[in-house]
Every structure is written in C-alpha cells, then in structure tokens.
file my_file_23.txt (compact mmCIF, C-alpha atoms and all ligand atoms)
# COMPACT_ATOMS: atom_id res chain seq x y z
CA MET A 20 9.70 14.61 6.12
CA LYS A 21 6.52 16.36 5.04
CA PHE A 22 5.34 19.92 5.31
CA GLN A 23 1.78 21.01 5.73
CA MET A 24 0.78 23.85 3.47
CA SER A 25 -1.24 26.67 4.93
CA HIS A 26 -4.32 27.38 2.89
CA ASP A 27 -7.72 28.93 2.85
CA ILE A 28 -10.04 26.43 1.30
CA ASN A 29 -12.63 27.73 -1.04
CA PRO A 30 -14.95 24.84 -1.83
CA ASN A 31 -16.06 26.59 -4.99
CA ALA A 32 -12.52 27.43 -6.08
CA LEU A 33 -12.55 25.04 -8.98
CA LYS A 34 -15.89 26.26 -10.26
CA SER A 35 -15.09 29.91 -9.90
CA THR A 36 -11.73 29.64 -11.61
CA ASN A 37 -11.41 29.86 -15.34
CA ARG A 38 -11.05 26.46 -16.82
CA ILE A 39 -8.06 25.88 -19.02
CA PRO A 40 -9.31 23.98 -22.07
CA VAL A 41 -7.41 20.77 -22.65
CA GLU A 42 -8.06 17.70 -24.78
CA LYS A 43 -7.27 14.11 -24.01
CA VAL A 44 -5.99 12.59 -27.23
CA ALA A 45 -5.21 9.05 -26.00
CA ASP A 46 -5.79 6.77 -23.00
CA ALA A 47 -4.20 3.31 -22.83
CA ASP A 48 -3.10 0.59 -20.44
CA PHE A 49 0.48 1.03 -19.19
CA PRO A 50 2.19 -1.64 -17.10
CA SER A 51 5.66 -0.43 -16.01
CA ARG A 52 8.49 -1.24 -13.65
CA SER A 53 7.11 1.32 -11.22
CA GLY A 54 3.56 0.01 -11.23
CA HIS A 55 0.46 -0.31 -13.33
CA PHE A 56 -0.77 2.96 -14.81
CA ARG A 57 -2.94 4.35 -17.55
CA ILE A 58 -0.94 6.38 -20.05
CA CYS A 59 -2.72 9.38 -21.51
CA GLY A 60 -1.86 12.06 -24.02
CA PHE A 61 -3.07 15.61 -23.43
CA ARG A 62 -2.77 18.88 -25.27
CA LEU A 63 -4.00 22.40 -24.82
CA ALA A 64 -7.17 22.78 -26.89
CA PRO A 65 -6.63 23.98 -30.47
CA GLY A 66 -6.33 27.74 -30.62
CA GLU A 67 -4.69 27.88 -27.20
CA ALA A 68 -1.15 29.21 -27.37
CA PRO A 69 1.46 27.88 -27.02
CA GLU A 70 0.89 24.51 -28.61
CA GLU A 71 1.73 22.16 -25.82
CA THR A 72 1.45 18.47 -25.07
CA ALA A 73 1.99 16.30 -22.02
CA VAL A 74 2.09 12.60 -21.26
CA VAL A 75 0.18 11.69 -18.11
CA LEU A 76 0.61 8.49 -16.13
CA VAL A 77 -2.46 7.87 -14.00
CA LYS A 78 -2.34 5.54 -11.02
CA GLY A 79 -5.53 4.15 -9.50
CA GLU A 80 -8.99 5.65 -9.56
CA LEU A 81 -9.21 9.41 -9.45
CA ARG A 82 -12.40 9.72 -7.48
CA ARG A 83 -14.01 13.02 -6.68
CA GLY A 84 -12.73 14.13 -3.29
CA SER A 85 -9.59 12.00 -3.39
CA VAL A 86 -6.25 13.76 -2.91
CA PRO A 87 -3.82 12.16 -5.37
CA LEU A 88 -0.05 12.32 -5.21
CA VAL A 89 1.05 14.49 -8.15
CA ARG A 90 4.36 15.22 -9.82
CA ILE A 91 4.76 17.71 -12.64
CA HIS A 92 7.95 16.80 -14.44
CA SER A 93 9.43 18.85 -17.26
CA GLN A 94 11.01 16.80 -19.99
CA CYS A 95 14.79 16.62 -19.79
CA MET A 96 16.19 14.44 -22.54
CA THR A 97 19.77 14.74 -21.30
CA GLY A 98 18.79 13.67 -17.80
CA ASP A 99 15.74 11.42 -18.29
CA VAL A 100 17.16 9.46 -21.25
CA PHE A 101 20.95 9.80 -21.06
CA GLY A 102 21.36 9.90 -17.28
CA SER A 103 23.10 13.29 -17.17
CA LEU A 104 24.74 14.27 -13.91
CA ARG A 105 24.46 17.97 -14.80
CA CYS A 106 20.99 17.92 -13.26
CA ASP A 107 18.86 15.78 -10.97
CA CYS A 108 15.92 15.23 -13.33
CA ARG A 109 16.22 11.48 -13.85
CA GLU A 110 16.57 10.79 -10.17
CA GLN A 111 13.56 12.95 -9.40
CA LEU A 112 11.57 11.22 -12.15
CA GLU A 113 12.44 7.77 -10.87
CA MET A 114 11.63 8.71 -7.26
CA ALA A 115 8.33 10.25 -8.32
CA LEU A 116 7.33 7.21 -10.41
CA LYS A 117 8.17 4.90 -7.55
CA GLN A 118 6.16 6.91 -5.02
CA ILE A 119 3.18 7.45 -7.31
CA GLY A 120 3.29 3.81 -8.41
CA ALA A 121 3.07 2.77 -4.76
CA SER A 122 0.28 5.20 -3.90
CA GLU A 123 -3.43 4.57 -4.07
CA SER A 124 -4.01 7.29 -6.61
CA GLY A 125 -1.67 9.66 -8.35
CA LEU A 126 -0.57 11.36 -11.53
CA LEU A 127 2.75 12.01 -13.16
CA ILE A 128 2.38 14.85 -15.64
CA TYR A 129 5.32 14.78 -18.02
CA GLU A 130 5.45 18.12 -19.75
CA GLN A 131 7.29 18.35 -23.01
CA GLN A 132 9.13 21.56 -22.16
CA GLU A 133 12.81 20.86 -22.58
CA GLY A 134 15.35 23.02 -20.72
CA ARG A 135 12.89 25.02 -18.63
CA GLY A 136 11.04 25.85 -21.83
CA ILE A 137 13.94 27.07 -23.99
CA GLY A 138 14.13 23.96 -26.21
CA LEU A 139 16.74 21.25 -26.53
CA MET A 140 19.20 22.97 -28.88
CA SER A 141 19.25 26.16 -26.79
CA LYS A 142 19.69 24.06 -23.69
CA LEU A 143 22.82 22.49 -25.19
CA GLN A 144 24.10 25.98 -26.01
CA ALA A 145 23.40 26.97 -22.42
CA TYR A 146 25.52 24.01 -21.27
CA GLU A 147 28.35 25.35 -23.39
CA LEU A 148 28.04 28.74 -21.69
CA GLN A 149 27.95 27.04 -18.30
CA ASP A 150 31.21 25.29 -19.15
CA GLY A 151 32.59 28.81 -19.57
CA GLY A 152 31.59 29.69 -16.01
CA MET A 153 27.97 30.85 -16.08
CA ASP A 154 25.27 29.34 -13.92
CA THR A 155 22.00 28.02 -15.41
CA VAL A 156 20.10 31.27 -14.89
CA GLU A 157 22.89 33.48 -16.34
CA ALA A 158 23.29 31.18 -19.34
CA ASN A 159 19.58 31.29 -20.20
CA GLN A 160 19.63 35.06 -19.90
CA GLU A 161 22.74 35.30 -22.11
CA LEU A 162 20.82 33.38 -24.79
CA GLY A 163 17.99 35.89 -24.54
CA PHE A 164 15.58 33.81 -22.48
CA GLN A 165 14.11 34.37 -19.08
CA ALA A 166 15.55 32.11 -16.41
CA ASP A 167 12.51 29.87 -16.46
CA LEU A 168 10.00 30.00 -19.28
CA ARG A 169 7.81 27.25 -17.98
CA GLN A 170 4.15 27.92 -17.57
CA TYR A 171 1.93 25.46 -15.90
CA ARG A 172 -1.33 26.04 -17.78
CA LEU A 173 -1.43 22.57 -19.26
CA PRO A 174 -0.86 20.69 -15.96
CA VAL A 175 -3.46 22.88 -14.27
CA GLY A 176 -5.88 22.17 -17.12
CA ILE A 177 -5.21 18.43 -16.81
CA LEU A 178 -5.94 18.44 -13.07
CA GLN A 179 -9.12 20.42 -13.76
CA TYR A 180 -10.06 17.88 -16.44
CA TYR A 181 -9.97 15.13 -13.80
CA GLU A 182 -11.94 17.37 -11.41
CA ILE A 183 -9.15 17.18 -8.87
CA ALA A 184 -9.67 19.86 -6.23
CA ALA A 185 -6.71 19.05 -3.98
CA VAL A 186 -3.36 17.31 -4.39
CA ARG A 187 -0.31 16.18 -2.52
CA LEU A 188 2.44 17.70 -4.64
CA LEU A 189 5.87 16.16 -5.04
CA SER A 190 7.94 19.30 -5.59
CA ASN A 191 10.53 21.72 -4.29
CA ASN A 192 9.40 24.46 -6.64
CA PRO A 193 7.22 27.23 -5.15
CA GLU A 194 6.23 28.37 -8.67
CA LYS A 195 4.40 25.10 -9.25
CA ILE A 196 2.53 25.44 -5.98
CA ARG A 197 1.54 29.00 -6.91
CA ALA A 198 0.43 27.95 -10.40
CA LEU A 199 -1.80 25.17 -9.06
CA GLU A 200 -3.36 27.33 -6.38
CA GLU A 201 -4.05 30.09 -8.91
CA GLY A 202 -5.80 27.42 -10.96
CA GLY A 203 -8.09 26.64 -8.04
CA ILE A 204 -6.29 23.46 -6.99
CA GLU A 205 -5.44 23.25 -3.35
CA VAL A 206 -1.95 21.95 -2.53
CA ARG A 207 -2.84 20.14 0.64
CA GLU A 208 0.67 18.94 1.23
CA ARG A 209 4.05 19.49 -0.36
CA VAL A 210 6.07 16.31 -0.42
CA PRO A 211 9.75 17.26 -0.84
CA ILE A 212 11.74 15.44 -3.48
CA SER A 213 15.51 15.43 -3.07
CA ALA A 214 18.21 13.84 -5.15
CA THR A 215 21.30 12.49 -3.52
CA ALA A 216 24.42 14.68 -3.37
CA GLU A 217 26.55 14.47 -6.49
CA PRO A 218 29.56 16.76 -7.04
CA ASN A 219 28.77 17.36 -10.74
CA ARG A 220 25.52 19.11 -9.96
CA GLU A 221 26.30 20.96 -6.75
CA ARG A 222 26.30 24.31 -8.55
CA TYR A 223 23.14 23.48 -10.50
CA LEU A 224 21.26 22.74 -7.27
CA LYS A 225 22.71 25.79 -5.52
CA THR A 226 21.47 28.02 -8.35
CA LYS A 227 18.01 26.47 -8.11
CA GLN A 228 18.03 27.26 -4.43
CA ASP A 229 19.60 30.73 -4.48
CA LYS A 230 18.17 32.19 -7.68
CA MET A 231 14.93 30.31 -8.25
CA GLY A 232 13.67 29.93 -4.71
CA HIS A 233 13.60 26.14 -4.66
CA LEU A 234 13.14 24.57 -1.27
CA ILE A 235 16.00 22.12 -1.33
CA GLN A 236 17.17 20.28 1.69
CA LYS A 237 20.24 18.12 1.94
CA ASN A 238 19.08 14.57 1.94
CA VAL A 239 20.77 12.20 4.29
CA GLU A 240 19.05 8.90 3.82
ZN ZN B 301 17.59 17.79 -16.31
call {"tool": "encode", "arguments": {"input": "my_file_23.txt", "output": "structure tokens"}}
result
Amino acid sequence: MKFQMSHDINPNALKSTNRIPVEKVADADFPSRSGHFRICGFRLAPGEAPEETAVVLVKGELRRGSVPLVRIHSQCMTGDVFGSLRCDCREQLEMALKQIGASESGLLIYEQQEGRGIGLMSKLQAYELQDGGMDTVEANQELGFQADLRQYRLPVGILQYYEIAAVRLLSNNPEKIRALEEGGIEVRERVPISATAEPNRERYLKTKQDKMGHLIQKNVE
C-alpha cells in the first residue's frame, strides 16, 4: 500500500536551498545478494560539525529528473549485525535492500549514528534501563539524551550531491520526510516499511508510534 504525499513543488527548491557540503571519499563496485550496486563513502565536509560519515549503496543510474527509491537507515549494530529482536532494524534493512536492489534506481544511505545518535555504549545502557521497565524514549532521557538525536544533514547533503530533486522514500518516520523537504528534496511518495509482528519488540514499536509519531501499520502479508 502506498500513500501519496501532498506537496507544493518549487522547481527551484534545490537551488534556493542552502547546500550542505559533503565529500565523497570512495566509490567502488559492489555486487551483493540484493543486487548490483556502487558502494560509496560520504562525509560532511571538514569543518562541518558533527563529524559524520555514511555508506551509500547506489542502484542504477541517477539521472537528472529521475525519482529514485531511497532509504535512510541508521546504523544499529545489535540489530543489523547480531539480529536483535529488541528492534526491527535488520528486517527493515533487508526489506529496503531488496526493494532498492529490484528498482531501476535507488539509494540506501546507511548513517553511522548508533542508537538514534546516542552511541553504542549508551544504547546498551539504555537497554539495561529498559529491562528495568522504561521505554526507549524514557531510557534515553534518563541517560541525559533527547529521545532522538538524529539529524539528517548528511543524507540531505548526499541527495543534493547527486542533484536529486525528488524521491520515493521508504520510511515510517515523519521527521525524515520533514528533513528532506526542508533540504529542498520533494518526497513524492512515502513507501511504508513494516516489519512482521514479533512479541519481543511490541513495546519498542508502540513507543515509536505513540511517542515519536511513526506511521506504523500492522502488516498482514
Ligand atoms: Zn535497531
């Protein structure tokens, strides 16, 4: 099921918006199980704070005027690598790779922002607090962080780098849509991404929905 986004298109949006300076540090061939990509390394230009890097998988030709399928994924070592059931990150990553790999053109932007930006060690401490009864938002706040520290300057800068004016965005997160549109990138369509139900992460998903405004629908497929 797909939703159409409402939007006012400003053809000069990209030009009139401040460019976020990014640097491509690498660009190589990348055959994978999900398809044949280019793999690229990006970082915010030196002097830009915070120091941030992202790995970008590029599918197909990104021609001017094309509307690629895009996923912005925040690194989750516990989910992406170890297959944690505390969250749905790995499933979302796999679904996104599969869909982008099958599309004509697309990008997976893998941001190295562990634990919604709080870092891996703090994320593990937050898990400990969650075991004591807190939800993800409360635990982050208890550790002195905002609920979600992620900024999307680097992904916006990367899309600007490729001169992408409009995307189909694989996301449930309204913050990402807002960040892209503020960066002059039209979200022509939001493509929902839903993990299957799993008792271990029911509360995690409910918190995303209730406290962070995520647009989650129960997936019966
Ligand atoms: Zn995760």
call {"tool": "atom_distance", "arguments": {"input": "my_file_23.txt", "atom1": "atom CA of A:Lys117", "atom2": "atom CA of A:Ile177"}}
result
21.2 Å
call {"tool": "closest_atom_pairs", "arguments": {"input": "my_file_23.txt", "of": "chain A", "to": "ligand ZN 301 (chain B)", "cutoff": "8 Å", "atoms": "only C-alpha atoms and all ligand atoms", "output": "tab-separated table"}}
result
residue	atom	partner	partner_atom	distance
A:Gln94	CA	B:ZN301	ZN	7.6
A:Cys95	CA	B:ZN301	ZN	4.6
A:Met96	CA	B:ZN301	ZN	7.2
A:Thr97	CA	B:ZN301	ZN	6.2
A:Gly98	CA	B:ZN301	ZN	4.5
A:Asp99	CA	B:ZN301	ZN	6.9
A:Ser103	CA	B:ZN301	ZN	7.2
A:Arg105	CA	B:ZN301	ZN	7.0
A:Cys106	CA	B:ZN301	ZN	4.6
A:Asp107	CA	B:ZN301	ZN	5.8
A:Cys108	CA	B:ZN301	ZN	4.3
A:Arg109	CA	B:ZN301	ZN	6.9
A:Gly134	CA	B:ZN301	ZN	7.2
call {"tool": "residues_near_point", "arguments": {"input": "my_file_23.txt", "point": "(5.5, 4.8, -7.9)", "cutoff": "10 Å", "atoms": "only C-alpha atoms", "output": "JSON list (two decimals) with C-alpha atoms, in the frame of the given file"}}
result
[["chain", "number", "residue", "atom", "x", "y", "z"],
["A", 51, "SER", "CA", 5.66, -0.43, -16.01],
["A", 52, "ARG", "CA", 8.49, -1.24, -13.65],
["A", 53, "SER", "CA", 7.11, 1.32, -11.22],
["A", 54, "GLY", "CA", 3.56, 0.01, -11.23],
["A", 55, "HIS", "CA", 0.46, -0.31, -13.33],
["A", 56, "PHE", "CA", -0.77, 2.96, -14.81],
["A", 78, "LYS", "CA", -2.34, 5.54, -11.02],
["A", 88, "LEU", "CA", -0.05, 12.32, -5.21],
["A", 112, "LEU", "CA", 11.57, 11.22, -12.15],
["A", 113, "GLU", "CA", 12.44, 7.77, -10.87],
["A", 114, "MET", "CA", 11.63, 8.71, -7.26],
["A", 115, "ALA", "CA", 8.33, 10.25, -8.32],
["A", 116, "LEU", "CA", 7.33, 7.21, -10.41],
["A", 117, "LYS", "CA", 8.17, 4.90, -7.55],
["A", 118, "GLN", "CA", 6.16, 6.91, -5.02],
["A", 119, "ILE", "CA", 3.18, 7.45, -7.31],
["A", 120, "GLY", "CA", 3.29, 3.81, -8.41],
["A", 121, "ALA", "CA", 3.07, 2.77, -4.76],
["A", 122, "SER", "CA", 0.28, 5.20, -3.90],
["A", 123, "GLU", "CA", -3.43, 4.57, -4.07],
["A", 124, "SER", "CA", -4.01, 7.29, -6.61],
["A", 125, "GLY", "CA", -1.67, 9.66, -8.35],
["A", 126, "LEU", "CA", -0.57, 11.36, -11.53],
["A", 127, "LEU", "CA", 2.75, 12.01, -13.16]]
call {"tool": "residues_around", "arguments": {"input": "my_file_23.txt", "residues": "A:Ser85", "least_positions_apart": "3", "cutoff": "9 Å", "atoms": "all atoms listed in the file", "output": "PyMOL selection string"}}
result
chain A and resi 80-82+124+183-186
call {"tool": "residues_around", "arguments": {"input": "my_file_23.txt", "residues": "stretch 226-237 of chain A", "least_positions_apart": "2", "cutoff": "7 Å", "atoms": "only C-alpha atoms", "output": "VMD selection string"}}
result
chain A and resid 154 191 to 193 213 222 to 224 239
call {"tool": "write_last_selection", "arguments": {"input": "my_file_23.txt", "atoms": "C-alpha atoms", "output": "tab-separated table (two decimals), keeping the file's coordinate frame"}}
result
chain	number	residue	atom	x	y	z
A	154	ASP	CA	25.27	29.34	-13.92
A	191	ASN	CA	10.53	21.72	-4.29
A	192	ASN	CA	9.40	24.46	-6.64
A	193	PRO	CA	7.22	27.23	-5.15
A	213	SER	CA	15.51	15.43	-3.07
A	222	ARG	CA	26.30	24.31	-8.55
A	223	TYR	CA	23.14	23.48	-10.50
A	224	LEU	CA	21.26	22.74	-7.27
A	239	VAL	CA	20.77	12.20	4.29
call {"tool": "atom_distance", "arguments": {"input": "my_file_23.txt", "atom1": "atom CA of A:Val44", "atom2": "atom CA of A:Glu182"}}
result
17.6 Å
call {"tool": "decode", "arguments": {"input": "my_file_23.txt", "residues": "stretch 60-173 of chain A", "atoms": "C-alpha atoms", "output": "compact mmCIF listing (two decimals), in the first residue's frame"}}
result
# COMPACT_ATOMS: atom_id res chain seq x y z
CA GLY A 60 31.68 6.60 1.31
CA PHE A 61 30.50 10.10 2.22
CA ARG A 62 31.26 12.53 4.99
CA LEU A 63 30.23 16.01 5.94
CA ALA A 64 32.89 18.39 4.61
CA PRO A 65 35.74 19.14 7.02
CA GLY A 66 34.80 21.88 9.43
CA GLU A 67 31.17 20.81 9.45
CA ALA A 68 30.03 19.63 12.85
CA PRO A 69 29.37 16.94 13.88
CA GLU A 70 31.90 14.75 12.13
CA GLU A 71 29.71 12.27 10.36
CA THR A 72 30.07 9.55 7.78
CA ALA A 73 27.68 7.39 5.80
CA VAL A 74 27.93 4.42 3.48
CA VAL A 75 25.76 4.78 0.39
CA LEU A 76 24.66 1.94 -1.87
CA VAL A 77 23.66 3.28 -5.26
CA LYS A 78 21.48 1.26 -7.61
CA GLY A 79 21.29 2.13 -11.30
CA GLU A 80 21.85 5.46 -12.95
CA LEU A 81 20.81 8.52 -11.01
CA ARG A 82 19.74 10.68 -13.90
CA ARG A 83 18.55 14.22 -13.50
CA GLY A 84 14.78 14.13 -13.19
CA SER A 85 14.60 10.51 -12.06
CA VAL A 86 12.81 9.75 -8.79
CA PRO A 87 14.88 7.09 -7.01
CA LEU A 88 13.69 4.84 -4.22
CA VAL A 89 15.55 5.97 -1.08
CA ARG A 90 16.03 4.52 2.37
CA ILE A 91 17.88 6.34 5.14
CA HIS A 92 18.95 3.70 7.62
CA SER A 93 20.62 4.49 10.93
CA GLN A 94 23.28 2.02 11.93
CA CYS A 95 22.14 -0.50 14.52
CA MET A 96 24.91 -2.95 15.33
CA THR A 97 22.73 -5.02 17.65
CA GLY A 98 20.03 -5.39 15.02
CA ASP A 99 21.89 -5.20 11.69
CA VAL A 100 24.77 -7.48 12.71
CA PHE A 101 23.51 -9.61 15.61
CA GLY A 102 19.87 -9.95 14.56
CA SER A 103 18.40 -8.43 17.73
CA LEU A 104 14.69 -8.83 18.27
CA ARG A 105 14.60 -5.74 20.51
CA CYS A 106 14.11 -3.67 17.37
CA ASP A 107 13.12 -4.10 13.74
CA CYS A 108 16.23 -2.57 12.15
CA ARG A 109 17.63 -5.64 10.42
CA GLU A 110 14.31 -6.57 8.91
CA GLN A 111 13.82 -3.04 7.66
CA LEU A 112 17.35 -3.01 6.24
CA GLU A 113 16.85 -6.29 4.43
CA MET A 114 13.47 -5.21 3.03
CA ALA A 115 14.91 -1.89 1.89
CA LEU A 116 17.92 -3.54 0.20
CA LYS A 117 15.67 -5.98 -1.57
CA GLN A 118 13.31 -3.27 -2.84
CA ILE A 119 16.08 -0.88 -3.86
CA GLY A 120 18.03 -3.73 -5.44
CA ALA A 121 14.99 -4.56 -7.56
CA SER A 122 14.28 -0.96 -8.53
CA GLU A 123 15.59 0.89 -11.55
CA SER A 124 17.37 3.48 -9.47
CA GLY A 125 17.74 3.93 -5.76
CA LEU A 126 19.94 4.70 -2.80
CA LEU A 127 20.41 3.19 0.60
CA ILE A 128 22.04 5.74 2.88
CA TYR A 129 23.50 3.94 5.88
CA GLU A 130 24.17 6.53 8.52
CA GLN A 131 26.65 5.70 11.21
CA GLN A 132 24.52 7.00 14.07
CA GLU A 133 24.13 4.16 16.53
CA GLY A 134 21.16 4.17 18.93
CA ARG A 135 19.34 7.17 17.50
CA GLY A 136 22.57 9.12 17.80
CA ILE A 137 23.49 8.34 21.43
CA GLY A 138 26.32 5.90 20.61
CA LEU A 139 26.65 2.17 21.09
CA MET A 140 27.72 2.07 24.76
CA SER A 141 24.92 4.42 25.83
CA LYS A 142 22.49 2.37 23.80
CA LEU A 143 23.47 -0.75 25.76
CA GLN A 144 22.96 1.20 28.99
CA ALA A 145 19.56 2.25 27.71
CA TYR A 146 18.72 -1.43 27.14
CA GLU A 147 19.58 -2.08 30.77
CA LEU A 148 17.19 0.68 31.85
CA GLN A 149 14.52 -0.73 29.54
CA ASP A 150 14.91 -4.11 31.24
CA GLY A 151 14.00 -2.22 34.42
CA GLY A 152 10.72 -1.06 32.87
CA MET A 153 11.44 2.11 30.91
CA ASP A 154 10.55 2.54 27.26
CA THR A 155 13.15 3.64 24.67
CA VAL A 156 12.30 7.33 24.94
CA GLU A 157 12.33 7.36 28.79
CA ALA A 158 15.61 5.45 28.88
CA ASN A 159 17.36 7.90 26.55
CA GLN A 160 16.07 10.79 28.63
CA GLU A 161 17.23 9.12 31.86
CA LEU A 162 20.74 8.95 30.36
CA GLY A 163 20.58 12.67 29.63
CA PHE A 164 19.85 12.48 25.91
CA GLN A 165 16.94 13.69 23.89
CA ALA A 166 14.69 10.91 22.66
CA ASP A 167 16.14 11.08 19.17
CA LEU A 168 19.38 12.88 18.46
CA ARG A 169 19.48 12.07 14.81
CA GLN A 170 19.89 14.86 12.35
CA TYR A 171 19.59 14.27 8.70
CA ARG A 172 22.03 16.85 7.35
CA LEU A 173 24.36 14.29 5.84
